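Below is work-v7.cif, which holds mmCIF, C-alpha atoms.
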data_coords
#
loop_
_atom_site.group_PDB
_atom_site.id
_atom_site.type_symbol
_atom_site.label_atom_id
_atom_site.label_comp_id
_atom_site.auth_asym_id
_atom_site.auth_seq_id
_atom_site.Cartn_x
_atom_site.Cartn_y
_atom_site.Cartn_z
ATOM 1 C CA MET H 1 129.066 45.847 -58.990
ATOM 2 C CA GLN H 2 128.048 42.257 -59.582
ATOM 3 C CA PRO H 3 124.835 41.295 -57.884
ATOM 4 C CA GLY H 4 125.012 38.348 -55.562
ATOM 5 C CA ILE H 5 128.382 39.182 -54.129
ATOM 6 C CA ASP H 6 128.024 40.229 -50.583
ATOM 7 C CA LEU H 7 129.039 43.801 -49.838
ATOM 8 C CA ALA H 8 131.009 42.706 -46.801
ATOM 9 C CA LEU H 9 133.025 40.257 -48.893
ATOM 10 C CA ARG H 10 133.535 42.858 -51.572
ATOM 11 C CA THR H 11 134.823 45.350 -48.993
ATOM 12 C CA GLU H 12 137.129 42.757 -47.486
ATOM 13 C CA ALA H 13 138.406 41.848 -50.960
ATOM 14 C CA LEU H 14 139.103 45.480 -51.791
ATOM 15 C CA GLU H 15 140.893 45.974 -48.497
ATOM 16 C CA SER H 16 143.075 42.901 -48.958
ATOM 17 C CA LEU H 17 144.099 44.043 -52.457
ATOM 18 C CA LEU H 18 144.921 47.546 -51.218
ATOM 19 C CA LEU H 19 146.994 46.133 -48.368
ATOM 20 C CA GLU H 20 148.880 43.790 -50.707
ATOM 21 C CA ARG H 21 149.646 46.626 -53.066
ATOM 22 C CA GLY H 22 150.859 48.884 -50.288
ATOM 23 C CA LEU H 23 148.164 51.487 -50.967
ATOM 24 C CA ALA H 24 146.673 51.346 -47.488
ATOM 25 C CA ASP H 25 147.589 49.937 -44.120
ATOM 26 C CA THR H 26 145.373 48.316 -41.529
ATOM 27 C CA LYS H 27 146.425 50.633 -38.751
ATOM 28 C CA THR H 28 145.444 53.805 -40.596
ATOM 29 C CA ILE H 29 142.132 52.303 -41.686
ATOM 30 C CA GLU H 30 141.274 51.263 -38.140
ATOM 31 C CA THR H 31 142.432 54.586 -36.729
ATOM 32 C CA PHE H 32 139.911 56.414 -38.894
ATOM 33 C CA ILE H 33 137.112 54.003 -38.003
ATOM 34 C CA GLY H 34 137.947 54.256 -34.316
ATOM 35 C CA ILE H 35 138.122 58.040 -34.296
ATOM 36 C CA TYR H 36 134.655 58.358 -35.765
ATOM 37 C CA GLU H 37 133.156 55.572 -33.679
ATOM 38 C CA THR H 38 134.484 56.716 -30.342
ATOM 39 C CA GLN H 39 135.884 60.245 -30.342
ATOM 40 C CA VAL H 40 134.235 62.441 -32.901
ATOM 41 C CA GLY H 41 130.557 62.965 -32.453
ATOM 42 C CA PRO H 42 127.877 65.498 -31.688
ATOM 43 C CA MET H 43 129.299 66.072 -28.210
ATOM 44 C CA ASN H 44 131.928 68.241 -29.898
ATOM 45 C CA GLY H 45 129.313 70.451 -31.480
ATOM 46 C CA ALA H 46 127.436 70.614 -28.181
ATOM 47 C CA LYS H 47 130.537 72.100 -26.541
ATOM 48 C CA VAL H 48 130.749 74.722 -29.286
ATOM 49 C CA VAL H 49 127.096 75.648 -28.754
ATOM 50 C CA ALA H 50 127.413 75.835 -24.963
ATOM 51 C CA LYS H 51 130.460 78.069 -25.235
ATOM 52 C CA ALA H 52 128.672 80.370 -27.676
ATOM 53 C CA TRP H 53 125.713 80.625 -25.289
ATOM 54 C CA THR H 54 127.920 81.633 -22.388
ATOM 55 C CA ASP H 55 130.627 83.709 -24.070
ATOM 56 C CA PRO H 56 129.340 86.533 -26.307
ATOM 57 C CA GLU H 57 132.773 87.226 -27.767
ATOM 58 C CA TYR H 58 133.183 83.582 -28.743
ATOM 59 C CA LYS H 59 129.714 83.614 -30.270
ATOM 60 C CA ALA H 60 130.631 86.642 -32.380
ATOM 61 C CA ARG H 61 133.781 84.905 -33.626
ATOM 62 C CA LEU H 62 131.825 81.708 -34.272
ATOM 63 C CA LEU H 63 129.245 83.444 -36.439
ATOM 64 C CA ALA H 64 131.913 85.474 -38.263
ATOM 65 C CA GLU H 65 134.531 82.770 -38.844
ATOM 66 C CA GLY H 66 133.031 79.375 -38.071
ATOM 67 C CA THR H 67 135.947 77.154 -38.989
ATOM 68 C CA ALA H 68 138.496 79.158 -37.000
ATOM 69 C CA ALA H 69 136.287 79.528 -33.916
ATOM 70 C CA ILE H 70 135.505 75.799 -33.900
ATOM 71 C CA ALA H 71 139.213 75.003 -34.276
ATOM 72 C CA GLU H 72 139.860 77.106 -31.133
ATOM 73 C CA LEU H 73 138.221 74.279 -29.189
ATOM 74 C CA GLY H 74 140.403 71.723 -30.949
ATOM 75 C CA PHE H 75 137.782 70.461 -33.391
ATOM 76 C CA LYS H 76 139.151 70.202 -36.900
ATOM 77 C CA GLY H 77 139.836 67.606 -39.538
ATOM 78 C CA PRO H 78 138.351 66.153 -42.703
ATOM 79 C CA GLN H 79 135.042 67.706 -43.736
ATOM 80 C CA GLY H 80 135.582 70.512 -41.257
ATOM 81 C CA GLU H 81 136.797 73.087 -43.712
ATOM 82 C CA HIS H 82 134.572 76.020 -44.691
ATOM 83 C CA MET H 83 132.137 75.738 -41.826
ATOM 84 C CA VAL H 84 129.466 78.390 -41.591
ATOM 85 C CA VAL H 85 127.503 78.718 -38.363
ATOM 86 C CA LEU H 86 123.933 79.978 -38.562
ATOM 87 C CA GLU H 87 122.097 81.238 -35.522
ATOM 88 C CA ASN H 88 118.515 80.198 -34.908
ATOM 89 C CA THR H 89 116.419 82.909 -33.285
ATOM 90 C CA PRO H 90 112.752 83.404 -32.461
ATOM 91 C CA ALA H 91 112.440 84.988 -35.916
ATOM 92 C CA VAL H 92 114.546 82.680 -38.118
ATOM 93 C CA HIS H 93 114.910 78.900 -38.047
ATOM 94 C CA HIS H 94 117.653 77.291 -40.133
ATOM 95 C CA VAL H 95 117.658 73.625 -41.077
ATOM 96 C CA VAL H 96 120.539 71.943 -42.891
ATOM 97 C CA VAL H 97 120.470 69.416 -45.710
ATOM 98 C CA CYS H 98 122.869 68.161 -48.359
ATOM 99 C CA THR H 99 120.739 67.663 -51.431
ATOM 100 C CA LEU H 100 123.456 65.958 -53.477
ATOM 101 C CA CYS H 101 124.925 63.478 -51.034
ATOM 102 C CA SER H 102 125.669 63.860 -47.347
ATOM 103 C CA CYS H 103 128.028 66.797 -46.773
ATOM 104 C CA TYR H 104 128.127 67.269 -43.042
ATOM 105 C CA PRO H 105 130.481 68.938 -40.537
ATOM 106 C CA TRP H 106 132.276 65.836 -39.246
ATOM 107 C CA PRO H 107 134.547 67.460 -36.638
ATOM 108 C CA VAL H 108 131.576 68.853 -34.703
ATOM 109 C CA LEU H 109 128.842 66.323 -35.423
ATOM 110 C CA GLY H 110 130.630 63.100 -36.336
ATOM 111 C CA LEU H 111 129.269 61.115 -39.257
ATOM 112 C CA PRO H 112 125.758 61.824 -40.489
ATOM 113 C CA PRO H 113 122.835 59.714 -39.282
ATOM 114 C CA SER H 114 121.025 57.526 -41.803
ATOM 115 C CA TRP H 115 118.010 59.802 -42.132
ATOM 116 C CA TYR H 116 120.279 62.687 -43.196
ATOM 117 C CA LYS H 117 121.593 60.515 -46.029
ATOM 118 C CA ASP H 118 118.194 59.265 -47.173
ATOM 119 C CA SER H 119 116.628 60.704 -50.270
ATOM 120 C CA ALA H 120 113.327 61.267 -48.439
ATOM 121 C CA TYR H 121 114.847 63.859 -46.118
ATOM 122 C CA ARG H 122 117.103 65.344 -48.782
ATOM 123 C CA SER H 123 114.284 66.046 -51.195
ATOM 124 C CA ARG H 124 111.381 66.714 -48.844
ATOM 125 C CA VAL H 125 113.009 69.209 -46.500
ATOM 126 C CA VAL H 126 113.606 71.489 -49.479
ATOM 127 C CA ARG H 127 110.063 71.183 -50.826
ATOM 128 C CA GLU H 128 108.101 71.230 -47.602
ATOM 129 C CA PRO H 129 110.375 72.198 -44.716
ATOM 130 C CA ARG H 130 107.573 73.067 -42.310
ATOM 131 C CA ALA H 131 105.927 69.690 -42.778
ATOM 132 C CA VAL H 132 109.215 67.830 -42.281
ATOM 133 C CA LEU H 133 110.031 69.891 -39.189
ATOM 134 C CA ALA H 134 106.554 69.239 -37.791
ATOM 135 C CA GLU H 135 107.208 65.489 -38.122
ATOM 136 C CA TRP H 136 110.234 66.030 -35.897
ATOM 137 C CA GLY H 137 107.955 67.733 -33.407
ATOM 138 C CA THR H 138 109.204 71.177 -34.393
ATOM 139 C CA VAL H 139 106.100 73.180 -35.098
ATOM 140 C CA LEU H 140 106.922 76.738 -36.095
ATOM 141 C CA GLY H 141 104.566 79.670 -36.193
ATOM 142 C CA ASP H 142 103.853 81.535 -39.404
ATOM 143 C CA ASP H 143 105.845 84.457 -38.028
ATOM 144 C CA VAL H 144 109.026 82.345 -38.031
ATOM 145 C CA GLU H 145 111.017 82.394 -41.235
ATOM 146 C CA VAL H 146 112.311 78.933 -42.199
ATOM 147 C CA LYS H 147 115.575 78.831 -44.130
ATOM 148 C CA VAL H 148 116.758 75.549 -45.634
ATOM 149 C CA VAL H 149 120.483 75.620 -46.294
ATOM 150 C CA ASP H 150 122.273 73.187 -48.604
ATOM 151 C CA SER H 151 125.665 71.972 -47.426
ATOM 152 C CA SER H 152 128.274 71.168 -50.038
ATOM 153 C CA SER H 153 131.987 70.603 -50.246
ATOM 154 C CA GLU H 154 132.382 74.393 -50.351
ATOM 155 C CA VAL H 155 130.249 75.229 -47.322
ATOM 156 C CA ARG H 156 129.197 73.027 -44.428
ATOM 157 C CA TYR H 157 126.481 74.524 -42.299
ATOM 158 C CA PHE H 158 126.119 74.084 -38.582
ATOM 159 C CA VAL H 159 123.184 75.459 -36.614
ATOM 160 C CA LEU H 160 123.611 77.373 -33.382
ATOM 161 C CA PRO H 161 120.275 76.590 -31.751
ATOM 162 C CA GLU H 162 118.376 78.922 -29.455
ATOM 163 C CA ARG H 163 119.267 78.665 -25.812
ATOM 164 C CA PRO H 164 116.158 77.469 -24.015
ATOM 165 C CA ALA H 165 114.506 79.667 -21.410
ATOM 166 C CA GLY H 166 115.113 78.779 -17.802
ATOM 167 C CA THR H 167 118.741 77.700 -18.283
ATOM 168 C CA GLU H 168 120.344 80.869 -16.897
ATOM 169 C CA SER H 169 121.804 79.099 -13.873
ATOM 170 C CA LEU H 170 123.343 76.166 -15.781
ATOM 171 C CA SER H 171 127.084 75.800 -16.271
ATOM 172 C CA GLU H 172 128.653 75.499 -19.710
ATOM 173 C CA GLU H 173 129.024 71.759 -19.162
ATOM 174 C CA GLU H 174 125.410 71.353 -18.097
ATOM 175 C CA LEU H 175 124.283 73.355 -21.124
ATOM 176 C CA ALA H 176 126.339 71.168 -23.481
ATOM 177 C CA ALA H 177 124.540 68.108 -22.136
ATOM 178 C CA LEU H 178 121.224 69.534 -23.370
ATOM 179 C CA VAL H 179 122.339 69.924 -26.985
ATOM 180 C CA THR H 180 121.749 67.070 -29.419
ATOM 181 C CA ARG H 181 122.862 66.356 -32.953
ATOM 182 C CA ASP H 182 119.367 67.018 -34.269
ATOM 183 C CA ASN H 183 119.386 70.495 -32.680
ATOM 184 C CA MET H 184 122.557 71.341 -34.581
ATOM 185 C CA VAL H 185 121.181 70.124 -37.904
ATOM 186 C CA GLY H 186 118.136 72.254 -37.138
ATOM 187 C CA VAL H 187 115.402 69.639 -37.229
ATOM 188 C CA THR H 188 114.623 70.116 -33.538
ATOM 189 C CA LYS H 189 114.964 72.789 -30.875
ATOM 190 C CA VAL H 190 116.892 72.319 -27.667
ATOM 191 C CA SER H 191 114.745 70.874 -24.936
ATOM 192 C CA THR H 192 115.416 71.175 -21.232
ATOM 193 C CA GLY H 193 113.474 68.008 -20.586
ATOM 194 C CA VAL H 194 110.782 70.057 -18.875
ATOM 195 C CA ALA H 195 107.442 70.441 -20.597
ATOM 196 C CA ALA H 196 106.893 73.894 -22.020
ATOM 197 C CA PRO H 197 104.389 75.987 -20.049
ATOM 198 C CA MET O 1 126.292 35.780 -37.679
ATOM 199 C CA THR O 2 129.388 37.868 -38.057
ATOM 200 C CA ALA O 3 127.545 41.178 -38.129
ATOM 201 C CA ALA O 4 125.705 40.553 -34.881
ATOM 202 C CA LEU O 5 128.890 39.469 -33.133
ATOM 203 C CA ASP O 6 130.735 42.572 -34.157
ATOM 204 C CA VAL O 7 127.888 44.815 -33.158
ATOM 205 C CA ASP O 8 127.239 43.217 -29.807
ATOM 206 C CA GLY O 9 130.701 42.039 -28.815
ATOM 207 C CA ALA O 10 133.485 43.602 -26.826
ATOM 208 C CA ALA O 11 134.345 45.873 -29.732
ATOM 209 C CA ALA O 12 130.777 47.110 -29.995
ATOM 210 C CA PRO O 13 130.857 50.678 -31.234
ATOM 211 C CA PRO O 14 129.187 53.314 -29.101
ATOM 212 C CA ARG O 15 126.052 54.958 -30.356
ATOM 213 C CA GLN O 16 125.624 58.565 -31.310
ATOM 214 C CA ASN O 17 122.299 59.863 -30.103
ATOM 215 C CA GLY O 18 120.997 56.312 -30.158
ATOM 216 C CA GLU O 19 122.177 55.381 -33.615
ATOM 217 C CA LEU O 20 125.154 53.280 -34.554
ATOM 218 C CA VAL O 21 127.736 55.150 -36.553
ATOM 219 C CA PHE O 22 127.973 52.145 -38.843
ATOM 220 C CA ALA O 23 125.031 49.779 -39.202
ATOM 221 C CA GLU O 24 127.312 46.882 -40.178
ATOM 222 C CA PRO O 25 131.048 46.327 -39.741
ATOM 223 C CA TRP O 26 131.770 46.395 -43.485
ATOM 224 C CA GLU O 27 130.421 49.953 -43.629
ATOM 225 C CA GLY O 28 133.079 51.025 -41.165
ATOM 226 C CA ARG O 29 135.765 49.204 -43.170
ATOM 227 C CA ALA O 30 134.609 50.889 -46.387
ATOM 228 C CA PHE O 31 134.613 54.254 -44.619
ATOM 229 C CA GLY O 32 138.058 53.664 -43.112
ATOM 230 C CA LEU O 33 139.475 52.552 -46.464
ATOM 231 C CA ALA O 34 138.317 55.702 -48.248
ATOM 232 C CA MET O 35 139.639 57.904 -45.457
ATOM 233 C CA ALA O 36 143.010 56.150 -45.333
ATOM 234 C CA LEU O 37 143.374 56.420 -49.108
ATOM 235 C CA THR O 38 142.465 60.102 -49.212
ATOM 236 C CA ASP O 39 144.634 60.853 -46.188
ATOM 237 C CA ALA O 40 147.603 59.209 -47.891
ATOM 238 C CA GLY O 41 146.906 61.067 -51.133
ATOM 239 C CA VAL O 42 146.299 57.843 -53.074
ATOM 240 C CA ILE O 43 142.964 59.259 -54.186
ATOM 241 C CA SER O 44 141.503 62.749 -53.945
ATOM 242 C CA TYR O 45 138.504 63.279 -51.685
ATOM 243 C CA ASP O 46 136.930 65.630 -54.226
ATOM 244 C CA VAL O 47 137.172 63.016 -56.958
ATOM 245 C CA PHE O 48 135.759 60.424 -54.584
ATOM 246 C CA ARG O 49 132.923 62.720 -53.530
ATOM 247 C CA ASP O 50 131.972 63.388 -57.156
ATOM 248 C CA ALA O 51 131.851 59.644 -57.750
ATOM 249 C CA LEU O 52 129.743 59.182 -54.613
ATOM 250 C CA ILE O 53 127.272 61.841 -55.751
ATOM 251 C CA ALA O 54 127.021 60.141 -59.133
ATOM 252 C CA LYS O 55 126.386 56.708 -57.574
ATOM 253 C CA ILE O 56 123.694 58.082 -55.283
ATOM 254 C CA ALA O 57 122.023 59.951 -58.151
ATOM 255 C CA ALA O 58 122.149 56.852 -60.364
ATOM 256 C CA TRP O 59 120.520 54.682 -57.690
ATOM 257 C CA GLU O 60 117.824 57.259 -56.975
ATOM 258 C CA SER O 61 116.972 57.786 -60.635
ATOM 259 C CA ALA O 62 116.449 54.039 -61.149
ATOM 260 C CA PRO O 63 116.257 52.068 -57.897
ATOM 261 C CA PRO O 64 116.800 48.362 -58.666
ATOM 262 C CA ALA O 65 113.665 46.337 -57.902
ATOM 263 C CA GLY O 66 113.691 44.914 -54.409
ATOM 264 C CA GLU O 67 116.878 46.690 -53.379
ATOM 265 C CA CYS O 68 116.800 49.034 -50.404
ATOM 266 C CA TYR O 69 118.833 52.207 -50.514
ATOM 267 C CA SER O 70 122.211 51.834 -48.885
ATOM 268 C CA TYR O 71 124.429 54.854 -48.527
ATOM 269 C CA TYR O 72 127.510 52.739 -47.920
ATOM 270 C CA ARG O 73 126.793 50.541 -50.941
ATOM 271 C CA CYS O 74 127.051 53.729 -53.019
ATOM 272 C CA TRP O 75 130.149 54.665 -51.009
ATOM 273 C CA LEU O 76 131.820 51.326 -51.782
ATOM 274 C CA GLN O 77 130.845 51.489 -55.457
ATOM 275 C CA ALA O 78 132.284 54.999 -55.693
ATOM 276 C CA LEU O 79 135.506 53.906 -54.028
ATOM 277 C CA GLU O 80 135.864 50.934 -56.373
ATOM 278 C CA GLN O 81 135.243 53.153 -59.366
ATOM 279 C CA VAL O 82 137.792 55.771 -58.356
ATOM 280 C CA LEU O 83 140.391 53.056 -57.757
ATOM 281 C CA ALA O 84 139.549 51.446 -61.113
ATOM 282 C CA ASP O 85 139.743 54.782 -62.941
ATOM 283 C CA ALA O 86 143.152 55.402 -61.370
ATOM 284 C CA GLN O 87 144.171 51.913 -62.541
ATOM 285 C CA LEU O 88 145.057 50.945 -58.999
ATOM 286 C CA VAL O 89 142.565 48.125 -58.488
ATOM 287 C CA ALA O 90 140.637 46.555 -61.352
ATOM 288 C CA PRO O 91 136.987 45.592 -60.673
ATOM 289 C CA ASP O 92 137.706 42.057 -61.879
ATOM 290 C CA ASP O 93 140.412 41.703 -59.250
ATOM 291 C CA VAL O 94 137.957 42.675 -56.534
ATOM 292 C CA ALA O 95 135.332 40.275 -57.851
ATOM 293 C CA ALA O 96 137.861 37.428 -58.055
ATOM 294 C CA ARG O 97 139.123 38.053 -54.532
ATOM 295 C CA ALA O 98 135.593 38.310 -53.150
ATOM 296 C CA ALA O 99 134.693 35.027 -54.834
ATOM 297 C CA LEU O 100 137.747 33.462 -53.243
ATOM 298 C CA PHE O 101 136.720 34.733 -49.806
ATOM 299 C CA ALA O 102 133.169 33.481 -50.358
ATOM 300 C CA VAL O 103 134.319 29.858 -50.460
ATOM 301 C CA ARG O 104 136.497 29.981 -47.367
ATOM 302 C CA PRO O 105 135.835 27.146 -44.961
ATOM 303 C CA ALA O 106 133.622 27.980 -42.000
ATOM 304 C CA GLY O 107 135.440 29.331 -38.971
ATOM 305 C CA HIS O 108 138.228 30.745 -41.115
ATOM 306 C CA ASP O 109 140.125 33.473 -39.335
ATOM 307 C CA HIS O 110 140.999 36.159 -41.752
ATOM 308 C CA ASP O 111 144.536 37.284 -41.528
ATOM 309 C CA HIS O 112 144.405 40.996 -40.832
ATOM 310 C CA ASP O 113 146.306 41.915 -37.716
ATOM 311 C CA HIS O 114 143.298 43.134 -35.795
ATOM 312 C CA ASP O 115 143.741 43.994 -32.162
ATOM 313 C CA HIS O 116 140.374 42.595 -31.222
ATOM 314 C CA GLU O 117 139.063 39.133 -31.756
ATOM 315 C CA HIS O 118 136.372 38.563 -34.241
ATOM 316 C CA HIS O 119 135.593 35.758 -36.581
ATOM 317 C CA HIS O 120 134.246 35.650 -40.060
ATOM 318 C CA ASP O 121 132.517 32.541 -41.209
#

Structure re-expressed in structure tokens:
Amino acid sequence: MQPGIDLALRTEALESLLLERGLADTKTIETFIGIYETQVGPMNGAKVVAKAWTDPEYKARLLAEGTAAIAELGFKGPQGEHMVVLENTPAVHHVVVCTLCSCYPWPVLGLPPSWYKDSAYRSRVVREPRAVLAEWGTVLGDDVEVKVVDSSSEVRYFVLPERPAGTESLSEEELAALVTRDNMVGVTKVSTGVAAP
Amino acid sequence: MTAALDVDGAAAPPRQNGELVFAEPWEGRAFGLAMALTDAGVISYDVFRDALIAKIAAWESAPPAGECYSYYRCWLQALEQVLADAQLVAPDDVAARAALFAVRPAGHDHDHDHDHEHHHD
């Protein structure tokens, strides 16, 4: 790409050429942008997590056949094929990365945040996962096994975080509201907003 | 200040856990273009993804002096390359069109049939 030409202009130029040549249409382009800006986001994944916490049979299906169980809730689409759900427990903590680019389960988490795409995270979490997790405030004891899993076009990992203690009385909807994107990538644990004892 | 208008205006995109999905409007356009082209089968997502991986790896192995990493710059470069390789859009055509857009008079309304109002300068 020639230096000095603004990326916005370059994008607009490419779009205008594609439109002229009948290779793309404005409506489809804007539909995709709109879907990912407004509809698809981590709230989808949060619903999957809350259902798994409250429905043991769903959880079993989710861990056995991630893509199909997630599709049961209506979440499917590009980058949602071959999803594998990994359960975090008091003994094992999974954290997801894509070392090559930014493979990410779009239907449940939306598009990846900038830090997930940055080379710092992509290289460091593999080399020193405990240090990276500690920077996120996730300090794990030596008795907890940390597993770093590398998403690719073949497998996209999604973390089922631990259900926090003291949430027994919450509804599925209230539980979903506790779950954040970062919990489902595995860099943080679910917080109830109440300081741990 | 086109970027600020688009980010702050009526069409301001919602945030996901506090972060904009797209930092600048062109990133969203570049994303939407790639998705529309793969959805229509004009290009293959796997081919595009391989090109994206290569662009990211190339930048990381030799970051140009003074240039910050931009995921969507790599994305756009990959898209241009895949379209060039498929002989659908030549890089020179893109450069010529971009140069044409660069000298538009201020206040020019570009002619896409957007639903929302926004203005490029």

Please expand the PyMOL selection byres ((chain O) within 9 of (chain H)) into the concrete residues it hits in this file, giving the result as an MDAnalysis selection string.
chainID O and resid 13:17 19:22 24:37 39:40 42 46 49 52:54 56:57 60 69:71 73 76:77 80 88:89 91 93:102 112:114

List, as a PyMOL selection string, every residue that the PyMOL selection byres ((chain H and resi 186) around 9) selects in the file provided.
chain H and resi 88+93-96+133+158-161+181-185+187-189

Under the PyMOL selection byres ((chain H and resi 140) around 10), which residues of this model are included? Write them out as a PyMOL selection string.
chain H and resi 90-93+130-131+133-134+137-139+141-146

By how many Å are CA of Thr38 (chain O) and CA of Tyr116 (chain H) apart?
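Separation between CA of Thr38 (chain O) and CA of Tyr116 (chain H): 23.1 Å.
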
Kindly list the centre and edge lengths in Å, rounded to one decimal, for the axis-aligned box that covers all listed atoms of region 136-150 of chain H plus 5 Å on each of its six sides, as lines of an AutoDock Vina configuration file.
center_x = 113.1
center_y = 75.2
center_z = -41.0
size_x = 28.4
size_y = 28.4
size_z = 25.2

Can you measure CA of Thr167 (chain H) to CA of Ala52 (chain H) for me? One decimal in Å is fine.
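About the pair CA of Thr167 (chain H) and CA of Ala52 (chain H): they are 13.9 Å apart.
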